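What's in protein.cif: mmCIF, C-alpha atoms
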```
data_run
#
loop_
_atom_site.label_atom_id
_atom_site.label_comp_id
_atom_site.auth_asym_id
_atom_site.auth_seq_id
_atom_site.Cartn_x
_atom_site.Cartn_y
_atom_site.Cartn_z
CA MET H 91 108.52 91.24 -75.67
CA PRO H 92 106.84 93.64 -73.13
CA ASP H 93 105.28 95.76 -75.88
CA ASP H 94 103.93 92.66 -77.58
CA VAL H 95 101.83 91.63 -74.58
CA LEU H 96 100.38 95.14 -74.11
CA ALA H 97 99.63 95.37 -77.83
CA GLN H 98 98.05 91.91 -77.81
CA LEU H 99 95.90 92.77 -74.79
CA THR H 100 94.88 96.13 -76.32
CA LYS H 101 93.69 94.39 -79.46
CA MET H 102 91.66 91.90 -77.41
CA ILE H 103 90.07 94.69 -75.36
CA GLU H 104 89.08 96.41 -78.62
CA ASP H 105 87.57 93.15 -79.89
CA VAL H 106 85.53 92.76 -76.73
CA VAL H 107 84.19 96.29 -76.16
CA GLY H 108 84.26 97.63 -79.71
CA ALA H 109 86.46 100.37 -81.12
CA ASP H 110 83.81 103.07 -80.68
CA VAL H 111 83.78 102.62 -76.90
CA LEU H 112 87.54 103.17 -76.87
CA LEU H 113 87.42 106.44 -78.86
CA GLY H 114 89.72 108.86 -77.12
CA VAL H 115 90.92 106.25 -74.63
CA GLU H 116 94.57 105.36 -75.09
CA ILE H 117 95.35 102.07 -73.40
CA THR H 118 98.53 102.17 -71.35
CA LYS H 119 99.78 100.13 -68.39
CA GLU H 120 98.09 102.65 -66.07
CA THR H 121 94.63 102.28 -67.65
CA THR H 122 92.10 100.63 -65.33
CA PHE H 123 89.50 98.19 -66.64
CA SER H 124 86.51 99.57 -64.79
CA ASP H 125 87.05 103.32 -64.44
CA ASP H 126 88.94 104.10 -67.65
CA ILE H 127 87.61 101.51 -70.07
CA GLY H 128 84.20 101.04 -68.44
CA LEU H 129 84.54 97.28 -68.82
CA GLU H 130 81.52 95.32 -67.61
CA SER H 131 82.21 92.24 -65.48
CA ILE H 132 80.92 89.98 -68.21
CA GLU H 133 83.23 91.63 -70.75
CA PHE H 134 86.19 90.87 -68.49
CA VAL H 135 85.17 87.21 -68.65
CA ALA H 136 85.13 87.44 -72.46
CA LEU H 137 88.61 89.02 -72.32
CA ALA H 138 89.90 86.28 -70.03
CA ASP H 139 88.55 83.75 -72.52
CA ARG H 140 90.52 85.30 -75.38
CA LEU H 141 93.66 85.38 -73.24
CA ARG H 142 93.25 81.71 -72.46
CA GLN H 143 92.79 80.90 -76.14
CA HIS H 144 95.90 82.84 -77.05
CA TYR H 145 98.28 81.95 -74.21
CA GLY H 146 96.82 78.56 -73.31
CA GLU H 147 98.43 76.61 -70.48
CA ARG H 148 101.25 79.13 -70.03
CA VAL H 149 99.10 81.67 -68.17
CA ASP H 150 97.12 80.59 -65.08
CA LEU H 151 94.34 83.17 -65.18
CA VAL H 152 92.03 81.19 -62.92
CA GLY H 153 94.62 81.10 -60.13
CA PHE H 154 95.45 84.78 -60.65
CA LEU H 155 91.77 85.83 -60.41
CA ALA H 156 90.97 83.43 -57.56
CA GLU H 157 93.23 85.43 -55.29
CA MET H 158 91.31 88.68 -55.79
CA ASP H 159 87.75 89.74 -55.07
CA ILE H 160 85.55 91.28 -57.72
CA ASP H 161 86.26 94.89 -56.71
CA GLU H 162 90.01 94.27 -56.88
CA ILE H 163 89.66 92.69 -60.31
CA MET H 164 87.70 95.58 -61.75
CA ALA H 165 90.03 98.16 -60.19
CA MET H 166 92.96 96.34 -61.73
CA SER H 167 95.18 98.19 -64.16
CA VAL H 168 96.03 96.84 -67.60
CA GLY H 169 99.66 96.86 -66.43
CA ARG H 170 99.00 94.42 -63.59
CA LEU H 171 97.52 91.90 -66.01
CA VAL H 172 100.34 92.48 -68.52
CA ASP H 173 102.92 91.88 -65.76
CA HIS H 174 101.24 88.63 -64.78
CA ILE H 175 101.14 87.41 -68.38
CA GLU H 176 104.77 88.36 -69.01
CA ALA H 177 105.89 86.63 -65.82
CA SER H 178 103.93 83.49 -66.72
CA VAL H 179 105.12 83.39 -70.32
CA GLY H 180 108.68 84.15 -69.20
CA LEU H 181 108.59 81.26 -66.74
CA ALA H 182 107.19 78.92 -69.38
CA ALA H 183 109.93 79.99 -71.78
CA ASP H 184 112.62 79.38 -69.14
CA ARG H 185 111.33 75.88 -68.54
CA GLY H 186 111.77 75.45 -72.29
CA MET Q 36 78.92 71.92 -60.91
CA VAL Q 37 76.70 74.07 -63.11
CA PHE Q 38 76.11 77.65 -61.98
CA VAL Q 39 72.82 79.48 -62.60
CA HIS Q 40 72.71 83.25 -62.10
CA GLY Q 41 69.86 85.59 -61.20
CA LEU Q 42 67.56 87.92 -63.09
CA VAL Q 43 68.10 90.87 -65.43
CA MET Q 44 71.28 92.57 -64.30
CA ASP Q 45 73.02 89.30 -63.41
CA ASN Q 46 75.16 87.01 -65.55
CA LEU Q 47 77.83 84.32 -65.21
CA SER Q 48 80.47 86.82 -64.12
CA SER Q 49 79.01 86.90 -60.61
CA PHE Q 50 80.18 83.29 -60.21
CA TYR Q 51 83.33 83.67 -62.29
CA TYR Q 52 84.77 86.08 -59.73
CA THR Q 53 83.51 84.34 -56.62
CA LEU Q 54 82.95 80.59 -56.50
CA ALA Q 55 84.00 79.13 -59.83
CA ALA Q 56 87.76 79.69 -59.66
CA PRO Q 57 88.26 78.28 -56.14
CA LEU Q 58 85.95 75.32 -56.86
CA ALA Q 59 87.83 74.60 -60.07
CA ALA Q 60 91.10 74.86 -58.13
CA ALA Q 61 89.73 72.27 -55.69
CA GLY Q 62 89.15 69.84 -58.56
CA VAL Q 63 85.42 70.40 -59.18
CA GLY Q 64 84.49 70.60 -62.87
CA THR Q 65 82.66 73.89 -63.41
CA ILE Q 66 80.18 74.99 -66.06
CA LEU Q 67 79.04 78.62 -66.26
CA PHE Q 68 76.51 79.98 -68.72
CA ASP Q 69 74.36 83.04 -69.29
CA LEU Q 70 70.61 82.51 -69.11
CA ARG Q 71 68.59 83.27 -72.24
CA GLY Q 72 68.48 87.02 -72.70
CA HIS Q 73 71.26 87.69 -70.20
CA GLY Q 74 74.99 88.40 -70.38
CA LEU Q 75 76.29 87.50 -73.79
CA SER Q 76 73.59 84.94 -74.57
CA ALA Q 77 71.06 85.52 -77.35
CA ARG Q 78 67.91 87.43 -76.44
CA PRO Q 79 64.91 85.96 -78.30
CA ASP Q 80 61.42 87.43 -77.85
CA SER Q 81 60.08 84.63 -75.72
CA GLY Q 82 60.83 81.52 -73.68
CA TYR Q 83 61.60 83.01 -70.27
CA SER Q 84 59.65 80.91 -67.79
CA PRO Q 85 61.54 78.86 -65.17
CA LEU Q 86 60.53 75.70 -67.06
CA ASP Q 87 62.00 77.16 -70.27
CA GLY Q 88 65.14 77.95 -68.28
CA ALA Q 89 65.32 74.35 -67.08
CA ARG Q 90 64.97 73.08 -70.65
CA ASP Q 91 67.73 75.48 -71.77
CA LEU Q 92 69.99 74.14 -69.02
CA VAL Q 93 69.42 70.50 -70.06
CA ALA Q 94 70.01 71.49 -73.70
CA ILE Q 95 73.36 73.01 -72.68
CA LEU Q 96 74.36 69.80 -70.90
CA ASP Q 97 73.39 67.85 -74.03
CA GLU Q 98 75.36 70.24 -76.21
CA LEU Q 99 78.42 69.87 -73.98
CA GLY Q 100 78.07 66.09 -73.97
CA VAL Q 101 77.69 65.99 -70.18
CA GLU Q 102 75.75 62.82 -69.44
CA GLU Q 103 76.62 62.11 -65.82
CA PRO Q 104 74.48 63.78 -63.14
CA VAL Q 105 75.69 67.26 -62.23
CA HIS Q 106 75.34 69.47 -59.19
CA LEU Q 107 73.54 72.76 -59.77
CA LEU Q 108 74.18 75.96 -57.85
CA GLY Q 109 71.59 78.69 -58.36
CA ASN Q 110 71.71 82.22 -56.95
CA SER Q 111 68.35 83.91 -56.38
CA TYR Q 112 66.16 83.29 -59.46
CA GLY Q 113 68.88 80.92 -60.68
CA GLY Q 114 67.91 78.65 -57.79
CA VAL Q 115 64.33 78.55 -59.11
CA VAL Q 116 65.62 77.39 -62.50
CA ALA Q 117 67.92 74.87 -60.81
CA MET Q 118 65.08 73.34 -58.83
CA ARG Q 119 62.90 73.15 -61.95
CA THR Q 120 65.71 71.32 -63.67
CA ALA Q 121 65.99 68.81 -60.81
CA LEU Q 122 62.28 68.03 -61.23
CA LEU Q 123 62.33 68.09 -65.04
CA ALA Q 124 65.34 65.79 -65.39
CA PRO Q 125 66.08 64.04 -62.08
CA ASP Q 126 68.51 61.62 -63.74
CA ARG Q 127 70.70 64.56 -64.83
CA VAL Q 128 70.93 66.25 -61.41
CA ALA Q 129 72.97 64.89 -58.49
CA GLY Q 130 72.22 67.76 -56.12
CA VAL Q 131 71.14 71.39 -55.90
CA VAL Q 132 72.59 74.31 -53.97
CA LEU Q 133 70.12 77.15 -53.50
CA VAL Q 134 71.68 80.48 -52.62
CA GLU Q 135 68.97 82.88 -51.44
CA ALA Q 136 66.29 81.27 -53.60
CA ALA Q 137 62.64 80.58 -52.79
CA CYS Q 138 61.51 77.84 -55.15
CA GLY Q 139 57.93 77.13 -54.34
CA GLY Q 140 55.27 76.79 -51.72
CA ALA Q 141 53.47 79.81 -50.26
CA ALA Q 142 56.58 81.92 -49.59
CA GLY Q 143 57.91 81.14 -53.05
CA GLU Q 144 54.70 82.38 -54.68
CA LEU Q 145 54.82 85.65 -52.71
CA TRP Q 146 58.46 86.24 -53.63
CA PHE Q 147 57.67 85.67 -57.29
CA GLU Q 148 54.78 88.13 -57.22
CA ASP Q 149 57.16 90.62 -55.66
CA ILE Q 150 59.74 90.08 -58.39
CA VAL Q 151 57.18 90.47 -61.18
CA ASN Q 152 55.88 93.71 -59.65
CA THR Q 153 59.37 95.13 -59.19
CA LEU Q 154 60.35 94.25 -62.74
CA SER Q 155 57.16 95.78 -64.15
CA VAL Q 156 57.88 99.06 -62.39
CA ALA Q 157 61.50 98.99 -63.54
CA ALA Q 158 60.41 98.29 -67.12
CA LEU Q 159 58.14 101.32 -67.14
CA GLY Q 160 60.84 103.51 -65.66
CA LEU Q 161 63.40 102.41 -68.22
CA GLU Q 162 61.03 102.97 -71.09
CA PHE Q 163 59.44 106.27 -70.14
CA ASP Q 164 62.07 108.09 -68.18
CA ARG Q 165 64.52 107.62 -71.03
CA THR Q 166 67.05 106.67 -68.39
CA GLN Q 167 69.45 105.35 -70.96
CA ASP Q 168 69.60 108.62 -72.91
CA GLN Q 169 70.16 110.63 -69.75
CA LEU Q 170 72.99 108.35 -68.72
CA VAL Q 171 74.71 108.60 -72.11
CA THR Q 172 74.47 112.37 -71.94
CA LEU Q 173 76.09 112.31 -68.54
CA GLY Q 174 78.94 110.29 -69.99
CA GLN Q 175 78.00 107.17 -68.03
CA ARG Q 176 78.45 104.83 -70.99
CA LYS Q 177 78.88 101.68 -68.95
CA ILE Q 178 75.73 102.16 -66.88
CA ALA Q 179 73.86 103.37 -69.97
CA ARG Q 180 74.68 100.08 -71.68
CA LEU Q 181 73.51 98.08 -68.66
CA ALA Q 182 70.26 100.09 -68.58
CA GLY Q 183 69.83 99.56 -72.32
CA ASN Q 184 70.21 95.81 -71.96
CA ALA Q 185 67.81 95.72 -69.01
CA SER Q 186 65.23 97.72 -70.96
CA ALA Q 187 65.56 95.47 -74.01
CA LEU Q 188 65.02 92.42 -71.83
CA LEU Q 189 62.13 93.80 -69.77
CA ASN Q 190 60.34 95.75 -72.52
CA GLY Q 191 61.34 93.78 -75.60
CA THR Q 192 60.64 90.20 -74.53
CA THR Q 193 57.92 88.22 -72.78
CA LEU Q 194 60.08 87.73 -69.67
CA ILE Q 195 57.77 89.54 -67.21
CA ASP Q 196 54.68 87.78 -68.59
CA ASP Q 197 56.42 84.40 -68.61
CA LEU Q 198 57.44 84.80 -64.97
CA GLY Q 199 53.93 85.79 -63.95
CA SER Q 200 52.07 83.12 -65.85
CA GLY Q 201 53.13 79.58 -65.00
CA PRO Q 202 52.27 77.75 -61.79
CA ALA Q 203 54.95 77.99 -59.13
CA LEU Q 204 56.22 74.77 -57.61
CA SER Q 205 53.75 73.30 -55.14
CA GLU Q 206 54.57 71.75 -51.80
CA GLN Q 207 54.04 68.35 -53.43
CA ASP Q 208 56.56 69.27 -56.14
CA LEU Q 209 59.10 70.06 -53.41
CA ARG Q 210 58.36 66.73 -51.73
CA ASN Q 211 59.07 65.02 -55.05
CA VAL Q 212 62.64 66.31 -55.18
CA THR Q 213 64.84 63.21 -54.92
CA CYS Q 214 68.34 64.71 -54.93
CA ARG Q 215 70.23 66.30 -52.04
CA VAL Q 216 69.58 70.01 -51.58
CA LEU Q 217 71.65 72.60 -49.72
CA GLY Q 218 70.02 75.95 -49.00
CA VAL Q 219 72.20 78.91 -48.01
CA PHE Q 220 70.39 82.01 -46.81
CA GLY Q 221 71.04 85.27 -44.99
CA ALA Q 222 69.43 85.49 -41.53
CA GLU Q 223 68.14 89.01 -42.25
CA SER Q 224 66.80 88.12 -45.67
CA GLU Q 225 63.08 88.27 -46.48
CA LEU Q 226 63.49 84.72 -47.78
CA VAL Q 227 64.34 83.14 -44.45
CA GLY Q 228 60.72 82.00 -44.10
CA ALA Q 229 60.93 80.44 -47.55
CA ALA Q 230 64.09 78.66 -46.44
CA ALA Q 231 62.20 77.03 -43.59
CA GLU Q 232 59.53 75.89 -46.06
CA LEU Q 233 62.15 74.25 -48.26
CA ALA Q 234 63.57 72.35 -45.32
CA GLU Q 235 60.06 71.30 -44.33
CA HIS Q 236 59.07 69.77 -47.67
CA ILE Q 237 62.25 68.74 -49.51
CA PRO Q 238 63.23 65.29 -48.20
CA ARG Q 239 67.04 65.60 -48.27
CA CYS Q 240 67.51 69.27 -47.47
CA THR Q 241 70.22 70.92 -45.40
CA LEU Q 242 69.98 74.58 -44.44
CA HIS Q 243 72.83 76.95 -43.67
CA VAL Q 244 71.77 80.38 -42.45
CA ILE Q 245 74.36 83.14 -42.22
CA PRO Q 246 73.84 85.75 -39.51
CA GLY Q 247 73.86 89.45 -40.34
CA LEU Q 248 73.27 89.04 -44.06
CA GLY Q 249 70.37 89.67 -46.42
CA HIS Q 250 69.99 88.69 -50.06
CA THR Q 251 73.61 89.39 -51.05
CA VAL Q 252 75.09 86.16 -49.66
CA LEU Q 253 77.04 85.30 -52.81
CA ARG Q 254 79.00 88.51 -52.76
CA GLU Q 255 79.17 89.33 -49.04
CA ALA Q 256 79.87 85.85 -47.66
CA THR Q 257 81.75 84.22 -50.51
CA ASP Q 258 84.28 82.39 -48.33
CA GLU Q 259 81.67 80.95 -45.98
CA LEU Q 260 79.49 79.93 -48.92
CA LEU Q 261 82.48 78.29 -50.61
CA ALA Q 262 83.45 76.37 -47.46
CA THR Q 263 79.85 75.25 -46.95
CA VAL Q 264 79.53 74.03 -50.54
CA LEU Q 265 82.87 72.19 -50.47
CA ASP Q 266 81.89 70.53 -47.22
CA TRP Q 267 78.49 69.52 -48.63
CA LEU Q 268 80.10 68.16 -51.79
CA GLY Q 269 82.60 66.20 -49.72
CA VAL Q 270 85.53 67.90 -51.43
CA ASP Q 271 88.67 68.77 -49.54
CA ARG Q 272 89.75 72.37 -50.17
CA VAL Q 273 93.15 71.11 -51.31
CA GLY Q 274 91.36 68.94 -53.84
CA MET Q 275 92.22 65.55 -52.46
CA ASP Q 276 88.76 64.04 -52.81
CA ARG Q 277 87.63 64.49 -56.37
CA MET Q 278 83.91 64.61 -57.01
CA PRO Q 279 82.41 64.68 -60.47
CA GLY Q 280 81.18 68.14 -61.62
#
```
Kindly transcribe the structure held in the file into structure tokens.
Amino acid sequence: MPDDVLAQLTKMIEDVVGADVLLGVEITKETTFSDDIGLESIEFVALADRLRQHYGERVDLVGFLAEMDIDEIMAMSVGRLVDHIEASVGLAADRG
Amino acid sequence: MVFVHGLVMDNLSSFYYTLAAPLAAAGVGTILFDLRGHGLSARPDSGYSPLDGARDLVAILDELGVEEPVHLLGNSYGGVVAMRTALLAPDRVAGVVLVEAACGGAAGELWFEDIVNTLSVAALGLEFDRTQDQLVTLGQRKIARLAGNASALLNGTTLIDDLGSGPALSEQDLRNVTCRVLGVFGAESELVGAAAELAEHIPRCTLHVIPGLGHTVLREATDELLATVLDWLGVDRVGMDRMPG
């Protein structure tokens, strides 16, 4: 399951920024949205939208983001978001 | 609550990361959009006056099927659009929050002139200094893209002309505003005089001035702004009193 979420997120990032922007950038859990990918704030919103469409009610992105300020969000690593999604989906699965 | 962002480099993300999530968590329905030509919205050649912006906002409400009156929160130029909307369609607007926005009167006119001049200079710089190319060469792809978008908006559309052309809101216009208005300003901001003008002419206006801050209230005083807005809306932070969006 862990690889699935990272792979899913990587695909969404590609959709949002375009494959050419990601040339030479391998997305791992350590990759940061702002420094490594150069993600604009508005592109992060587009990414969050796709996540919501895919994971729906299982992942509370609004609550997750509400706890951080904008600098924290942009300095976030891909791994931190993956961990949150996995934890949320795992919890939802446990509740059955 | 419908959020309206500022000019050129701004878009809905500046609310997404600050006010929208906590307001939504408190039970307030939230609508965020990118102004024409900004963020991920389309960028046609023309239609960039505040009145056009107000019409776009009403069109969005129509498109979303939102018929009940909404609250508007506008940051900087977004506040100008918000106030225009309140005058254009008073039956659609329950109240307006102005964050560092001068909407009309003498101070409003001066601020607008200032904006138009600044944008004109920026437009020239972006076009002739080939800023974007330099930035790409330096490997600053992200900033290069932002500069490219700014140049396309300032040099490729009628935005600067549209802003400079129409009549600003008069003092009588401000007196005609029927809904409640909350103005939040920084004490050190150049707009603090404009704030006083708003309070003088708008019938149901409350002012909240934050010491030690300038124009960047939204980002630098997010918590205080949030608390002030929730209080003004009559919404408990825990979400016990539910107000319509």
Surrounding residues of Val115 (chain H) excluding itself and chain neighbours under 4 positions, 9 Å, only C-alpha atoms, as a ChimeraX atom specification: /H:111,121,126-127
How close does chain Q get to chain H? List, as JSON lines, each residue of chain Q within 9 Å, its nearest atom pair and the distance in Å to one decimal, counting all atoms listed in the file.
```
{"residue": "Q:Asn46", "atom": "CA", "partner": "H:Ile132", "partner_atom": "CA", "distance": 7.0}
{"residue": "Q:Leu47", "atom": "CA", "partner": "H:Ile132", "partner_atom": "CA", "distance": 7.1}
{"residue": "Q:Ser48", "atom": "CA", "partner": "H:Ile132", "partner_atom": "CA", "distance": 5.2}
{"residue": "Q:Ser49", "atom": "CA", "partner": "H:Ser131", "partner_atom": "CA", "distance": 7.9}
{"residue": "Q:Tyr51", "atom": "CA", "partner": "H:Val135", "partner_atom": "CA", "distance": 7.5}
{"residue": "Q:Tyr52", "atom": "CA", "partner": "H:Ile160", "partner_atom": "CA", "distance": 5.6}
{"residue": "Q:Thr53", "atom": "CA", "partner": "H:Asp159", "partner_atom": "CA", "distance": 7.0}
{"residue": "Q:Leu54", "atom": "CA", "partner": "H:Ala156", "partner_atom": "CA", "distance": 8.6}
{"residue": "Q:Ala55", "atom": "CA", "partner": "H:Ala156", "partner_atom": "CA", "distance": 8.5}
{"residue": "Q:Ala56", "atom": "CA", "partner": "H:Ala156", "partner_atom": "CA", "distance": 5.4}
{"residue": "Q:Pro57", "atom": "CA", "partner": "H:Ala156", "partner_atom": "CA", "distance": 6.0}
{"residue": "Q:Ala59", "atom": "CA", "partner": "H:Val152", "partner_atom": "CA", "distance": 8.3}
{"residue": "Q:Ala60", "atom": "CA", "partner": "H:Gly153", "partner_atom": "CA", "distance": 7.4}
{"residue": "Q:Gly74", "atom": "CA", "partner": "H:Ile132", "partner_atom": "CA", "distance": 6.5}
{"residue": "Q:Leu75", "atom": "CA", "partner": "H:Ile132", "partner_atom": "CA", "distance": 7.7}
{"residue": "Q:Gln175", "atom": "CA", "partner": "H:Gly128", "partner_atom": "CA", "distance": 8.7}
{"residue": "Q:Arg176", "atom": "CA", "partner": "H:Gly128", "partner_atom": "CA", "distance": 7.3}
{"residue": "Q:Lys177", "atom": "CA", "partner": "H:Gly128", "partner_atom": "CA", "distance": 5.4}
{"residue": "Q:Ile178", "atom": "CA", "partner": "H:Gly128", "partner_atom": "CA", "distance": 8.7}
{"residue": "Q:Leu181", "atom": "CA", "partner": "H:Glu130", "partner_atom": "CA", "distance": 8.5}
{"residue": "Q:Arg254", "atom": "CA", "partner": "H:Ile160", "partner_atom": "CA", "distance": 8.7}
```
Straight-line distance linking CA of Leu161 (chain Q) with CA of Leu198 (chain Q), stated in Å to one decimal: 18.9 Å
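If you look at CA of Val270 (chain Q) and CA of Leu226 (chain Q), they are 28.0 Å away from each other.
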All residues 9 Å or closer to Ser155 (chain Q), all atoms listed in the file, same chain fewer than 5 positions away omitted, as a PyMOL selection string: chain Q and resi 150+160+189-190+195
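Distance annotation: of Q:Leu58, Q:Leu268, Q:Leu204, Q:Ala142, the residue with the minimal separation from Gly130 (chain Q) is Q:Leu268; atom set is only C-alpha atoms.
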Expected selection from the PyMOL selection byres ((chain Q and resi 112) around 12), given as a ChimeraX atom specification: /Q:38-46,70,83-85,88-89,108-111,113-119,133-139,143,146-147,150-151,198,250
Picked residues, the PyMOL selection byres ((chain Q and resi 37) around 8), expected as a ChimeraX atom specification: /Q:36,38-39,65-67,105-108,280
Using all atoms listed in the file: which of H:Leu137, H:Val149, H:Val179, H:Ala165 has the shortest distance to Val107 (chain H): H:Leu137
Given the PyMOL selection byres ((chain Q and resi 140) around 12), the residues it picks as a ChimeraX atom specification: /Q:115,137-139,141-147,202-210,228-237
From H:Ile117, H:Ala177, H:Met164, H:Leu141, residue lying nearest Leu96 (chain H) [only C-alpha atoms]: H:Ile117
Å distance separating CA of Gly201 (chain Q) from CA of His73 (chain Q), one decimal place: 20.5 Å
